[in-house]
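File shown: structure-v2.csv (CSV, C-alpha atoms and all ligand atoms).
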chain,number,residue,atom,x,y,z
A,1022,ILE,CA,-50.0,-14.7,7.1
A,1023,GLY,CA,-50.8,-18.0,8.9
A,1024,GLU,CA,-47.5,-19.3,7.9
A,1025,ILE,CA,-45.7,-16.2,9.1
A,1026,LYS,CA,-47.4,-16.5,12.4
A,1027,ARG,CA,-46.5,-20.1,12.8
A,1028,HIS,CA,-42.9,-19.3,11.9
A,1029,LEU,CA,-42.7,-16.5,14.5
A,1030,ARG,CA,-44.3,-18.6,17.2
A,1031,ASP,CA,-42.0,-21.5,16.5
A,1032,ASN,CA,-38.8,-19.6,16.3
A,1033,ASN,CA,-39.1,-17.0,18.9
A,1034,PRO,CA,-36.3,-16.5,21.3
A,1035,ILE,CA,-37.7,-15.9,24.8
A,1036,ARG,CA,-36.0,-12.5,24.9
A,1037,VAL,CA,-38.1,-11.1,22.1
A,1038,SER,CA,-40.8,-9.1,23.8
A,1039,ARG,CA,-44.4,-9.0,22.8
A,1040,SER,CA,-44.3,-5.4,21.5
A,1041,LEU,CA,-41.3,-6.1,19.2
A,1042,ARG,CA,-43.1,-9.0,17.8
A,1043,ASP,CA,-46.2,-6.9,17.3
A,1044,THR,CA,-44.2,-4.3,15.4
A,1045,ALA,CA,-42.6,-7.0,13.2
A,1046,TYR,CA,-45.9,-8.6,12.5
A,1047,LYS,CA,-47.5,-5.4,11.5
A,1048,ALA,CA,-44.6,-4.6,9.2
A,1049,LEU,CA,-44.9,-8.0,7.5
A,1050,GLN,CA,-48.7,-7.7,7.2
A,1051,MET,CA,-48.4,-4.2,5.8
A,1052,LYS,CA,-45.8,-5.4,3.3
A,1053,GLU,CA,-48.2,-8.1,2.0
A,1054,SER,CA,-51.2,-5.7,1.8
A,1055,LEU,CA,-49.2,-3.0,0.0
A,1056,GLU,CA,-47.8,-5.7,-2.3
A,1057,ASN,CA,-51.3,-6.8,-3.2
A,1058,LYS,CA,-52.6,-3.3,-3.7
A,1059,LYS,CA,-49.8,-2.0,-5.9
A,1060,SER,CA,-48.7,-5.4,-7.3
A,1061,LYS,CA,-45.1,-4.4,-6.6
A,1062,GLU,CA,-42.9,-4.9,-3.6
A,1063,PRO,CA,-43.1,-1.9,-1.3
A,1064,ASN,CA,-40.0,-0.3,0.2
A,1065,LEU,CA,-39.5,0.0,4.0
A,1066,ASN,CA,-40.2,3.7,3.9
A,1067,GLU,CA,-43.7,3.1,2.4
A,1068,ILE,CA,-44.4,0.4,5.1
A,1069,ALA,CA,-43.1,2.7,7.9
A,1070,GLU,CA,-45.2,5.7,6.7
A,1071,GLU,CA,-48.4,3.6,6.4
A,1072,LEU,CA,-47.9,2.2,9.9
A,1073,GLY,CA,-46.7,5.4,11.5
A,1074,ILE,CA,-43.8,3.6,13.0
A,1075,SER,CA,-40.2,4.8,12.4
A,1076,ARG,CA,-38.2,2.9,9.8
A,1077,GLU,CA,-35.4,2.2,12.3
A,1078,ASP,CA,-37.8,0.7,14.9
A,1079,ILE,CA,-39.1,-1.6,12.2
A,1080,VAL,CA,-35.6,-2.7,11.2
A,1081,TYR,CA,-34.9,-3.4,14.9
A,1082,ALA,CA,-38.1,-5.4,15.4
A,1083,LEU,CA,-37.6,-7.5,12.3
A,1084,ASP,CA,-34.1,-8.3,13.3
A,1085,ALA,CA,-35.1,-9.3,16.8
A,1086,ILE,CA,-37.7,-11.9,15.6
A,1087,GLN,CA,-35.4,-13.3,13.0
A,1088,ASP,CA,-34.3,-16.9,13.0
A,1089,PRO,CA,-30.8,-16.4,11.5
A,1090,ILE,CA,-30.9,-19.8,9.7
A,1091,SER,CA,-33.9,-18.8,7.7
A,1092,LEU,CA,-31.9,-16.2,6.0
A,1093,PHE,CA,-30.0,-18.7,4.0
A,1094,GLU,CA,-32.9,-20.9,3.0
A,1095,PRO,CA,-33.6,-19.0,-0.3
A,1096,ILE,CA,-30.0,-19.6,-1.3
A,1097,TYR,CA,-29.8,-23.2,-0.5
A,1098,HIS,CA,-33.2,-24.2,-2.1
B,1120,MET,CA,-28.1,14.5,-0.5
B,1121,GLU,CA,-25.2,13.0,1.4
B,1122,ASN,CA,-25.2,11.4,4.8
B,1123,LYS,CA,-22.6,9.3,6.6
B,1124,ALA,CA,-22.0,7.4,9.8
B,1125,LYS,CA,-19.3,5.2,11.3
B,1126,LEU,CA,-19.6,2.4,13.7
B,1127,THR,CA,-16.5,1.0,15.5
B,1128,ILE,CA,-16.9,-2.2,17.4
B,1129,ASP,CA,-14.8,-4.5,19.5
B,1130,SER,CA,-14.2,-7.8,17.6
B,1131,LEU,CA,-16.7,-9.8,19.7
B,1132,SER,CA,-19.4,-12.0,18.1
B,1133,ASP,CA,-21.9,-10.3,20.4
B,1134,ASN,CA,-21.5,-7.2,18.2
B,1135,ILE,CA,-22.5,-8.8,14.9
B,1136,GLY,CA,-26.1,-8.1,15.6
B,1137,LEU,CA,-25.3,-4.6,16.5
B,1138,ALA,CA,-23.5,-4.0,13.2
B,1139,ARG,CA,-26.3,-5.6,11.2
B,1140,VAL,CA,-29.1,-3.5,12.8
B,1141,THR,CA,-27.0,-0.2,12.6
B,1142,VAL,CA,-26.2,-0.7,8.9
B,1143,ALA,CA,-29.8,-1.8,8.0
B,1144,SER,CA,-31.2,1.3,9.9
B,1145,PHE,CA,-28.8,3.6,8.1
B,1146,ALA,CA,-29.6,1.9,4.8
B,1147,SER,CA,-33.4,2.4,5.4
B,1148,GLN,CA,-33.1,6.1,4.4
B,1149,LEU,CA,-32.9,4.9,0.8
B,1150,ASN,CA,-35.8,3.1,-0.9
B,1151,PHE,CA,-34.8,-0.5,-0.1
B,1152,THR,CA,-37.3,-3.3,0.1
B,1153,LEU,CA,-37.3,-5.6,3.2
B,1154,ALA,CA,-35.7,-8.3,1.0
B,1155,GLU,CA,-32.9,-5.9,0.0
B,1156,LEU,CA,-32.4,-4.9,3.6
B,1157,GLU,CA,-32.1,-8.6,4.5
B,1158,GLU,CA,-29.4,-9.0,1.8
B,1159,ILE,CA,-27.5,-6.0,3.3
B,1160,LYS,CA,-27.8,-7.6,6.8
B,1161,VAL,CA,-26.4,-10.9,5.6
B,1162,ALA,CA,-23.5,-9.2,3.8
B,1163,ILE,CA,-22.6,-7.2,7.0
B,1164,SER,CA,-22.9,-10.3,9.2
B,1165,GLU,CA,-20.6,-12.2,6.9
B,1166,ALA,CA,-18.1,-9.4,6.6
B,1167,VAL,CA,-18.0,-8.7,10.4
B,1168,SER,CA,-17.8,-12.3,11.3
B,1169,ASN,CA,-14.9,-12.8,8.9
B,1170,SER,CA,-13.0,-10.0,10.6
B,1171,ILE,CA,-13.7,-11.6,14.0
B,1172,ILE,CA,-13.0,-15.2,13.1
B,1173,HIS,CA,-10.3,-15.0,10.4
B,1174,GLY,CA,-8.9,-11.4,10.7
B,1175,TYR,CA,-8.4,-11.4,14.5
B,1176,ALA,CA,-8.7,-15.2,14.9
B,1177,GLU,CA,-10.5,-14.6,18.2
B,1178,GLU,CA,-7.9,-12.1,19.4
B,1179,SER,CA,-9.2,-8.7,20.3
B,1180,GLY,CA,-9.2,-5.8,17.9
B,1181,GLU,CA,-11.5,-3.2,16.4
B,1182,ILE,CA,-13.7,-3.3,13.3
B,1183,GLU,CA,-14.7,-0.1,11.6
B,1184,ILE,CA,-17.9,0.1,9.6
B,1185,ARG,CA,-18.3,3.2,7.5
B,1186,MET,CA,-21.6,3.9,5.9
B,1187,ARG,CA,-22.5,6.6,3.4
B,1188,VAL,CA,-25.4,7.4,1.1
B,1189,TYR,CA,-24.9,9.7,-1.8
B,1190,GLY,CA,-27.3,10.1,-4.6
B,1191,GLU,CA,-29.3,6.9,-4.3
B,1192,GLN,CA,-26.3,4.7,-3.5
B,1193,LEU,CA,-25.3,3.0,-0.3
B,1194,GLU,CA,-21.6,2.5,0.3
B,1195,ILE,CA,-20.4,0.3,3.1
B,1196,ILE,CA,-16.8,-0.1,4.1
B,1197,VAL,CA,-15.8,-2.8,6.6
B,1198,LYS,CA,-12.2,-2.6,7.8
B,1199,ASP,CA,-10.1,-4.7,10.2
B,1200,GLN,CA,-6.5,-4.6,11.2
B,1201,GLY,CA,-6.2,-8.4,11.4
B,1202,CYS,CA,-4.0,-10.9,9.6
B,1203,GLY,CA,-5.1,-10.1,6.1
B,1204,ILE,CA,-6.1,-12.4,3.3
B,1205,GLU,CA,-3.2,-14.3,1.6
B,1206,ASP,CA,-4.8,-15.0,-1.7
B,1207,ILE,CA,-7.8,-12.8,-2.4
B,1208,GLU,CA,-8.8,-14.6,-5.6
B,1209,ALA,CA,-8.8,-18.0,-3.9
B,1210,ALA,CA,-10.8,-16.6,-0.9
B,1211,CYS,CA,-13.6,-15.5,-3.3
B,1212,GLU,CA,-14.0,-19.0,-4.7
B,1213,PRO,CA,-17.1,-20.8,-3.4
B,1214,ALA,CA,-16.3,-23.4,-0.7
B,1215,TYR,CA,-12.8,-22.0,-0.2
B,1216,THR,CA,-12.2,-21.7,3.5
B,1217,THR,CA,-9.1,-21.8,5.7
B,1218,ALA,CA,-11.1,-22.5,8.9
B,1219,GLY,CA,-13.2,-25.5,8.1
B,1220,ARG,CA,-16.2,-23.4,7.5
B,1221,MET,CA,-18.6,-23.1,4.6
B,1222,GLY,CA,-16.6,-20.8,2.5
B,1223,LEU,CA,-19.6,-18.9,1.2
B,1224,GLY,CA,-19.4,-15.6,3.0
B,1225,LEU,CA,-17.5,-13.6,0.3
B,1226,VAL,CA,-19.7,-15.3,-2.3
B,1227,PHE,CA,-22.8,-14.1,-0.6
B,1228,ILE,CA,-21.5,-10.6,-0.3
B,1229,ASP,CA,-20.6,-10.5,-3.9
B,1230,SER,CA,-24.0,-11.7,-5.0
B,1231,PHE,CA,-26.0,-9.4,-2.8
B,1232,MET,CA,-24.1,-6.2,-3.6
B,1233,ASP,CA,-23.9,-4.2,-6.8
B,1234,LYS,CA,-20.2,-3.6,-6.4
B,1235,PHE,CA,-17.8,-5.4,-4.1
B,1236,GLU,CA,-14.0,-4.8,-3.8
B,1237,ILE,CA,-11.5,-6.4,-1.4
B,1238,GLU,CA,-8.2,-4.8,-0.3
B,1239,SER,CA,-6.0,-6.8,2.0
B,1240,LYS,CA,-2.4,-6.9,3.1
B,1241,ALA,CA,-0.8,-9.7,5.2
B,1242,ALA,CA,-0.4,-8.6,8.8
B,1243,LYS,CA,-2.0,-5.2,8.0
B,1244,GLY,CA,-5.6,-6.1,7.6
B,1245,THR,CA,-8.6,-6.3,5.3
B,1246,THR,CA,-10.9,-3.7,3.9
B,1247,LEU,CA,-14.1,-4.6,2.1
B,1248,LYS,CA,-16.0,-2.0,0.0
B,1249,MET,CA,-19.5,-2.6,-1.0
B,1250,ILE,CA,-22.1,-0.6,-2.9
B,1251,LYS,CA,-25.8,-1.3,-3.2
B,1252,ILE,CA,-28.5,0.6,-5.1
B,1253,PRO,CA,-32.2,0.0,-4.5
B,1254,ALA,CA,-33.6,-2.0,-7.4
B,1255,GLN,CA,-36.4,0.5,-7.6
B,1256,GLU,CA,-33.9,3.3,-8.4
B,1257,LYS,CA,-32.1,1.2,-11.0
B,1258,LYS,CA,-35.4,0.6,-12.9
B,1259,GLN,CA,-36.0,4.3,-13.0
B,1260,ILE,CA,-32.5,4.9,-14.5
B,1261,ASN,CA,-33.2,2.5,-17.4
C,782,MET,CA,-17.1,-8.8,30.7
C,783,GLU,CA,-16.4,-5.5,28.9
C,784,ASN,CA,-17.6,-4.5,25.5
C,785,LYS,CA,-17.6,-1.2,23.6
C,786,ALA,CA,-18.7,0.4,20.5
C,787,LYS,CA,-18.7,3.9,19.0
C,788,LEU,CA,-21.1,5.5,16.6
C,789,THR,CA,-20.2,8.7,14.8
C,790,ILE,CA,-22.9,10.4,12.9
C,791,ASP,CA,-23.4,13.6,10.8
C,792,SER,CA,-25.5,16.1,12.7
C,793,LEU,CA,-28.7,15.5,10.6
C,794,SER,CA,-32.0,14.9,12.2
C,795,ASP,CA,-32.4,11.9,9.9
C,796,ASN,CA,-29.8,10.2,12.1
C,797,ILE,CA,-31.6,10.5,15.4
C,798,GLY,CA,-33.4,7.2,14.8
C,799,LEU,CA,-30.1,5.5,13.9
C,800,ALA,CA,-28.5,6.6,17.1
C,801,ARG,CA,-31.5,5.5,19.1
C,802,VAL,CA,-31.7,2.0,17.6
C,803,THR,CA,-27.9,1.5,17.7
C,804,VAL,CA,-27.7,2.3,21.4
C,805,ALA,CA,-30.8,0.2,22.2
C,806,SER,CA,-29.3,-2.7,20.3
C,807,PHE,CA,-26.0,-2.4,22.2
C,808,ALA,CA,-27.8,-2.0,25.5
C,809,SER,CA,-29.8,-5.2,25.0
C,810,GLN,CA,-26.8,-7.3,25.9
C,811,LEU,CA,-27.6,-6.3,29.5
C,812,ASN,CA,-30.8,-7.4,31.3
C,813,PHE,CA,-32.8,-4.3,30.6
C,814,THR,CA,-36.6,-4.5,30.5
C,815,LEU,CA,-38.4,-3.2,27.5
C,816,ALA,CA,-39.5,-0.1,29.5
C,817,GLU,CA,-35.9,0.6,30.4
C,818,LEU,CA,-34.8,0.3,26.8
C,819,GLU,CA,-37.4,2.8,25.9
C,820,GLU,CA,-36.0,5.2,28.5
C,821,ILE,CA,-32.5,4.7,27.0
C,822,LYS,CA,-33.9,5.5,23.6
C,823,VAL,CA,-35.6,8.7,24.8
C,824,ALA,CA,-32.4,9.8,26.5
C,825,ILE,CA,-30.4,9.3,23.3
C,826,SER,CA,-33.0,11.0,21.2
C,827,GLU,CA,-32.9,14.0,23.5
C,828,ALA,CA,-29.1,14.1,23.7
C,829,VAL,CA,-28.6,13.8,20.0
C,830,SER,CA,-31.3,16.3,19.0
C,831,ASN,CA,-29.8,18.8,21.4
C,832,SER,CA,-26.4,18.4,19.7
C,833,ILE,CA,-28.1,18.9,16.3
C,834,ILE,CA,-30.5,21.8,17.2
C,835,HIS,CA,-28.5,23.7,19.9
C,836,GLY,CA,-24.9,22.5,19.6
C,837,TYR,CA,-24.6,22.9,15.8
C,838,ALA,CA,-27.7,25.0,15.4
C,839,GLU,CA,-28.4,23.2,12.1
C,840,GLU,CA,-24.9,23.7,10.9
C,841,SER,CA,-23.0,20.6,10.0
C,842,GLY,CA,-20.8,18.7,12.4
C,843,GLU,CA,-20.2,15.3,13.9
C,844,ILE,CA,-21.7,13.7,16.9
C,845,GLU,CA,-19.9,10.9,18.7
C,846,ILE,CA,-21.7,8.3,20.7
C,847,ARG,CA,-19.6,6.0,22.8
C,848,MET,CA,-21.2,2.9,24.4
C,849,ARG,CA,-19.6,0.6,26.9
C,850,VAL,CA,-20.8,-2.1,29.2
C,851,TYR,CA,-18.7,-3.2,32.1
C,852,GLY,CA,-19.9,-5.3,34.9
C,853,GLU,CA,-23.7,-4.8,34.7
C,854,GLN,CA,-23.5,-1.1,33.8
C,855,LEU,CA,-24.2,0.7,30.6
C,856,GLU,CA,-22.2,3.8,30.0
C,857,ILE,CA,-23.1,6.2,27.2
C,858,ILE,CA,-21.2,9.3,26.2
C,859,VAL,CA,-22.6,11.7,23.7
C,860,LYS,CA,-20.2,14.4,22.4
C,861,ASP,CA,-20.5,17.3,20.0
C,862,GLN,CA,-18.1,20.1,19.1
C,863,GLY,CA,-20.8,22.7,18.9
C,864,CYS,CA,-21.4,26.0,20.6
C,865,GLY,CA,-21.4,24.6,24.2
C,866,ILE,CA,-23.9,25.4,27.0
C,867,GLU,CA,-23.4,28.7,28.7
C,868,ASP,CA,-25.0,28.0,32.0
C,869,ILE,CA,-25.2,24.3,32.7
C,870,GLU,CA,-27.2,24.7,35.9
C,871,ALA,CA,-29.8,26.8,34.2
C,872,ALA,CA,-30.0,24.4,31.3
C,873,CYS,CA,-31.0,21.6,33.6
C,874,GLU,CA,-34.0,23.5,35.0
C,875,PRO,CA,-37.3,22.2,33.8
C,876,ALA,CA,-38.8,24.4,31.1
C,877,TYR,CA,-35.5,26.2,30.5
C,878,THR,CA,-34.9,26.6,26.8
C,879,THR,CA,-33.0,28.9,24.6
C,880,ALA,CA,-34.8,27.9,21.4
C,881,GLY,CA,-38.5,28.2,22.2
C,882,ARG,CA,-38.8,24.5,22.8
C,883,MET,CA,-40.1,22.5,25.8
C,884,GLY,CA,-37.0,22.6,27.9
C,885,LEU,CA,-37.4,19.1,29.2
C,886,GLY,CA,-34.7,17.1,27.3
C,887,LEU,CA,-32.1,17.3,30.0
C,888,VAL,CA,-34.7,16.7,32.7
C,889,PHE,CA,-35.8,13.5,31.0
C,890,ILE,CA,-32.2,12.3,30.6
C,891,ASP,CA,-31.5,12.9,34.3
C,892,SER,CA,-34.6,11.1,35.4
C,893,PHE,CA,-34.1,8.1,33.1
C,894,MET,CA,-30.4,7.5,34.0
C,895,ASP,CA,-28.8,6.4,37.2
C,896,LYS,CA,-26.0,8.9,36.7
C,897,PHE,CA,-25.8,11.9,34.4
C,898,GLU,CA,-23.0,14.4,34.0
C,899,ILE,CA,-22.6,17.3,31.7
C,900,GLU,CA,-19.3,18.9,30.6
C,901,SER,CA,-19.4,21.9,28.3
C,902,LYS,CA,-17.2,24.7,27.2
C,903,ALA,CA,-18.3,27.7,25.1
C,904,ALA,CA,-17.3,27.3,21.4
C,905,LYS,CA,-15.7,23.9,22.3
C,906,GLY,CA,-18.7,21.7,22.6
C,907,THR,CA,-20.7,19.5,25.0
C,908,THR,CA,-20.2,16.0,26.4
C,909,LEU,CA,-22.9,14.1,28.2
C,910,LYS,CA,-22.1,11.1,30.2
C,911,MET,CA,-24.8,8.7,31.3
C,912,ILE,CA,-24.8,5.5,33.3
C,913,LYS,CA,-27.8,3.1,33.5
C,914,ILE,CA,-28.0,-0.2,35.4
C,915,PRO,CA,-30.8,-2.7,34.9
C,916,ALA,CA,-33.3,-2.5,37.9
C,917,GLN,CA,-33.0,-6.3,38.0
C,918,GLU,CA,-29.3,-6.1,38.8
C,919,LYS,CA,-29.8,-3.4,41.4
C,920,LYS,CA,-32.3,-5.5,43.3
C,921,GLN,CA,-29.8,-8.4,43.4
C,922,ILE,CA,-27.1,-6.1,44.9
C,923,ASN,CA,-29.4,-5.0,47.7
A,1301,LIG,N1,-11.3,-10.3,7.2
A,1301,LIG,C1,-10.6,-11.3,6.9
A,1301,LIG,N2,-9.3,-11.5,7.4
A,1301,LIG,C2,-8.5,-12.6,7.1
A,1301,LIG,N3,-9.0,-13.6,6.2
A,1301,LIG,C3,-10.2,-13.5,5.7
A,1301,LIG,C4,-11.1,-12.4,6.0
A,1301,LIG,N4,-12.2,-12.6,5.3
A,1301,LIG,C5,-12.1,-13.7,4.7
A,1301,LIG,N5,-10.9,-14.3,4.9
A,1301,LIG,C6,-10.3,-15.5,4.3
A,1301,LIG,O1,-11.2,-15.9,3.2
A,1301,LIG,C7,-11.7,-17.2,3.3
A,1301,LIG,C8,-13.1,-17.2,2.7
A,1301,LIG,O2,-14.0,-16.4,3.5
A,1301,LIG,P1,-15.6,-16.8,3.4
A,1301,LIG,O3,-16.0,-16.8,2.0
A,1301,LIG,O4,-16.3,-15.8,4.3
A,1301,LIG,O5,-15.7,-18.2,4.0
A,1301,LIG,P2,-15.5,-18.8,5.5
A,1301,LIG,O6,-15.6,-17.6,6.4
A,1301,LIG,O7,-16.7,-19.7,5.6
A,1301,LIG,O8,-14.2,-19.5,5.6
A,1301,LIG,C9,-11.7,-17.4,4.8
A,1301,LIG,O9,-11.7,-18.8,5.1
A,1301,LIG,C10,-10.4,-16.7,5.2
A,1301,LIG,O10,-9.3,-17.5,4.9
A,1302,LIG,N1,-25.5,19.9,23.1
A,1302,LIG,C1,-25.9,21.2,23.4
A,1302,LIG,N2,-25.2,22.3,22.9
A,1302,LIG,C2,-25.5,23.5,23.3
A,1302,LIG,N3,-26.6,23.8,24.1
A,1302,LIG,C3,-27.3,22.8,24.6
A,1302,LIG,C4,-27.0,21.5,24.3
A,1302,LIG,N4,-27.9,20.7,25.0
A,1302,LIG,C5,-28.7,21.5,25.7
A,1302,LIG,N5,-28.4,22.8,25.5
A,1302,LIG,C6,-29.0,24.0,26.1
A,1302,LIG,O1,-29.8,23.6,27.2
A,1302,LIG,C7,-31.1,24.0,27.0
A,1302,LIG,C8,-32.1,23.0,27.6
A,1302,LIG,O2,-32.0,21.7,26.9
A,1302,LIG,P1,-33.3,20.8,26.9
A,1302,LIG,O3,-33.5,20.5,28.4
A,1302,LIG,O4,-33.0,19.6,26.0
A,1302,LIG,O5,-34.5,21.7,26.4
A,1302,LIG,P2,-34.8,22.1,24.9
A,1302,LIG,O6,-34.0,21.3,23.9
A,1302,LIG,O7,-36.3,21.8,24.7
A,1302,LIG,O8,-34.5,23.6,24.8
A,1302,LIG,C9,-31.3,24.2,25.5
A,1302,LIG,O9,-32.3,25.1,25.2
A,1302,LIG,C10,-29.9,24.8,25.1
A,1302,LIG,O10,-29.8,26.1,25.4
A,1303,MG,MG,-17.0,-16.1,6.3
A,1304,MG,MG,-33.7,19.2,24.0

Output the file's structure in the form of structure tokens.
Ligand SMILES: Nc1ncnc2c1ncn2[C@@H]1O[C@H](COP(=O)(O)OP(=O)(O)O)[C@@H](O)[C@H]1O
Ligand SMILES: Nc1ncnc2c1ncn2[C@@H]1O[C@H](COP(=O)(O)OP(=O)(O)O)[C@@H](O)[C@H]1O
Ligand SMILES: [Mg+2]
Ligand SMILES: [Mg+2]
Amino acid sequence: IGEIKRHLRDNNPIRVSRSLRDTAYKALQMKESLENKKSKEPNLNEIAEELGISREDIVYALDAIQDPISLFEPIYH
Amino acid sequence: MENKAKLTIDSLSDNIGLARVTVASFASQLNFTLAELEEIKVAISEAVSNSIIHGYAEESGEIEIRMRVYGEQLEIIVKDQGCGIEDIEAACEPAYTTAGRMGLGLVFIDSFMDKFEIESKAAKGTTLKMIKIPAQEKKQIN
Amino acid sequence: MENKAKLTIDSLSDNIGLARVTVASFASQLNFTLAELEEIKVAISEAVSNSIIHGYAEESGEIEIRMRVYGEQLEIIVKDQGCGIEDIEAACEPAYTTAGRMGLGLVFIDSFMDKFEIESKAAKGTTLKMIKIPAQEKKQIN
């Protein structure tokens, strides 16, 4: 989580509002906690249901905080 | 269950994010993980930016993105009416590019999707068809 | 600067969120505050759910959502080919509903948008046209 926080802090475009960041954070945190609980990767619907936030709003928030370059890291490494 | 939607955008790089968010939102009705949704977003970004950069070569035109879920499959069709791809087989080779770019877009799409087909005609345009199934569903089938 | 996009969806309540996020994503190219984007999202949800619930009365049909920015304005047109609104003036009254609902959808849209027009014909369908300008831009004009 610390690493995610640092990543978000360092890569945030100014236009991304606080509440979008909060939504994205919560989704990533919930993903980790569900992953630990069930020892398998949760799908977005499970994350959305657990948070009580619509799946589309989570998609939007995650996209807004994204540093596009990081998408390609897993492929190049 | 079947559901479909179609997004038509002007060929402006401003609209790549719009296409990405719309398709990922539509896709989220199936049981995709966040990682799979990221793969879908990369595929859409690559497909749409190809239509903008290569297909219309910065001229203006429209790009049509059809989305459909049926059963547990997601089908996405990205269509432009741009210049078309001369040699499809060559275009799919890693590092092949006609515009001094990375030449990996089509390779990414192919690796992120379960099925990927290209149809293209010179001066008529290009249509990409992609299918992706959540890994979770594939496991249950086996 | 002009830019436009069009989203066509099946009239399923599953697609309300898709319409909301697509329009918000398109709108974000203008200088809307987060609160204004929320207002846009509410207006779209109300418009699209009206088309689904009233226009098509849970039958299947298509809903077209056209988005356009020009200058600093956002224009949104939501169109269905459903049953149409019998009495547009009555429909716009607070608490007026033909379906035992709250009767506030059109009131919300009107209050959240800078301009709001309804066109409707029995058995032909309904078209809503909305315009919203970021408050920030309006200040600069004055
Ligand atoms: N929609 C399209 N219209 C015309 N040509 C295309 C289109 N998509 C891809 N191409 C051709 O295929 C090549 C490879 O595409 P891609 O793998 O995405 O690499 P890159 O975009 O980095 O060149 C492009 O350089 C271009 O010549
Ligand atoms: N797209 C539409 N097609 C047909 N009738 C509509 C449509 N939109 C609104 N109406 C009519 O206008 C009325 C008021 O709409 P609204 O203010 O959203 O309230 P509610 O949806 O809660 O009834 C509806 O009850 C319905 O009779
Ligand atoms: Mg490319
Ligand atoms: Mg209503």

Region 796-806 of chain C surroundings by all atoms listed in the file, 7 Å radius, close-in-sequence under 6 positions cut, as a VMD selection string: (chain A and resid 1077 to 1078 1081) or (chain B and resid 1137 1141 1144 to 1145) or (chain C and resid 790 818 821 to 822 825 to 826 829 to 830)

One-decimal distance in Å that lies between CA of Met894 (chain C) and CA of Gly906 (chain C): 21.6 Å

Sel. within 9 Å of pt (-20.6, -16.8, 2.7), counting only C-alpha atoms, output as a list in words: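 The answer, in the requested form, is Val1161, Ala1162, Glu1165, Ala1166, Pro1213, Ala1214, Met1221, Gly1222, Leu1223, Gly1224, Leu1225, Val1226, Phe1227 and Ile1228 of chain B.
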
d(CA of Ile869 (chain C), atom N1 of ligand LIG 1302 (chain A)) in Å: 10.6 Å

Cut-off 6 Å, only C-alpha atoms and all ligand atoms, neighbours of ligand LIG 1302 (chain A) as a list in words: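 These are the residues that qualify: Asn831, Ser832, His835, Gly836, Gly863, Cys864, Gly865, Ile866, Ala872, Cys873, Tyr877, Thr878, Thr879, Ala880, Arg882, Met883, Gly884, Leu885, Gly886, Leu887, Val888 and Thr907 of chain C.
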
Pick from C:Ser809, C:Gln921, C:Gln862, C:Asn784, whichever lies nearest to chain B using only C-alpha atoms: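 Under the stated criterion, the closest residue is C:Asn784.
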
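CA of Ile914 (chain C) sits 24.8 Å away from CA of Ser901 (chain C).
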
Using only C-alpha atoms and a cut-off of 8 Å, which residues of chain A sit close to chain B? Please list them as a PDB file with C-alpha atoms, keeping the file's coordinate frame.
ATOM      1  CA  GLU A1062     -42.900  -4.900  -3.600  1.00  0.00           C
ATOM      2  CA  PRO A1063     -43.100  -1.900  -1.300  1.00  0.00           C
ATOM      3  CA  ASN A1064     -40.000  -0.300   0.200  1.00  0.00           C
ATOM      4  CA  LEU A1065     -39.500   0.000   4.000  1.00  0.00           C
ATOM      5  CA  ASN A1066     -40.200   3.700   3.900  1.00  0.00           C
ATOM      6  CA  ARG A1076     -38.200   2.900   9.800  1.00  0.00           C
ATOM      7  CA  GLU A1077     -35.400   2.200  12.300  1.00  0.00           C
ATOM      8  CA  VAL A1080     -35.600  -2.700  11.200  1.00  0.00           C
ATOM      9  CA  TYR A1081     -34.900  -3.400  14.900  1.00  0.00           C
ATOM     10  CA  ASP A1084     -34.100  -8.300  13.300  1.00  0.00           C
ATOM     11  CA  LEU A1092     -31.900 -16.200   6.000  1.00  0.00           C
TER      12      LEU A1092
END

Shortest interatomic distance to ligand LIG 1301 (chain A) - which of B:Glu1212, B:Asp1129, B:Glu1121, B:Glu1183, counting all atoms listed in the file: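 Result for the nearest residue to ligand LIG 1301 (chain A): B:Glu1212.
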
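Excluding Glu839 (chain C) and any residue on its chain fewer than 6 positions from it, the residues at most 10 Å away by all atoms listed in the file are Ser792, Leu793, Ser794, Ser832 and Ile833 of chain C.
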
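Proximity of C:Glu900, C:Glu918, C:Glu843, C:Asp895 to Glu870 (chain C), computed with all atoms listed in the file, is greatest for C:Glu900.
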
C:Lys896, C:Lys905, C:Lys785, C:Lys919 ranked by distance to chain B, top pick (using all atoms listed in the file):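 Nearest to chain B: C:Lys785.
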
Need the axis-aligned box for ligand LIG 1301 (chain A) with 4 Å each side, so what are the centre and edges in Å to one decimal, as JSON?
{"center_x": -12.6, "center_y": -15.0, "center_z": 4.7, "size_x": 16.2, "size_y": 17.4, "size_z": 13.4}
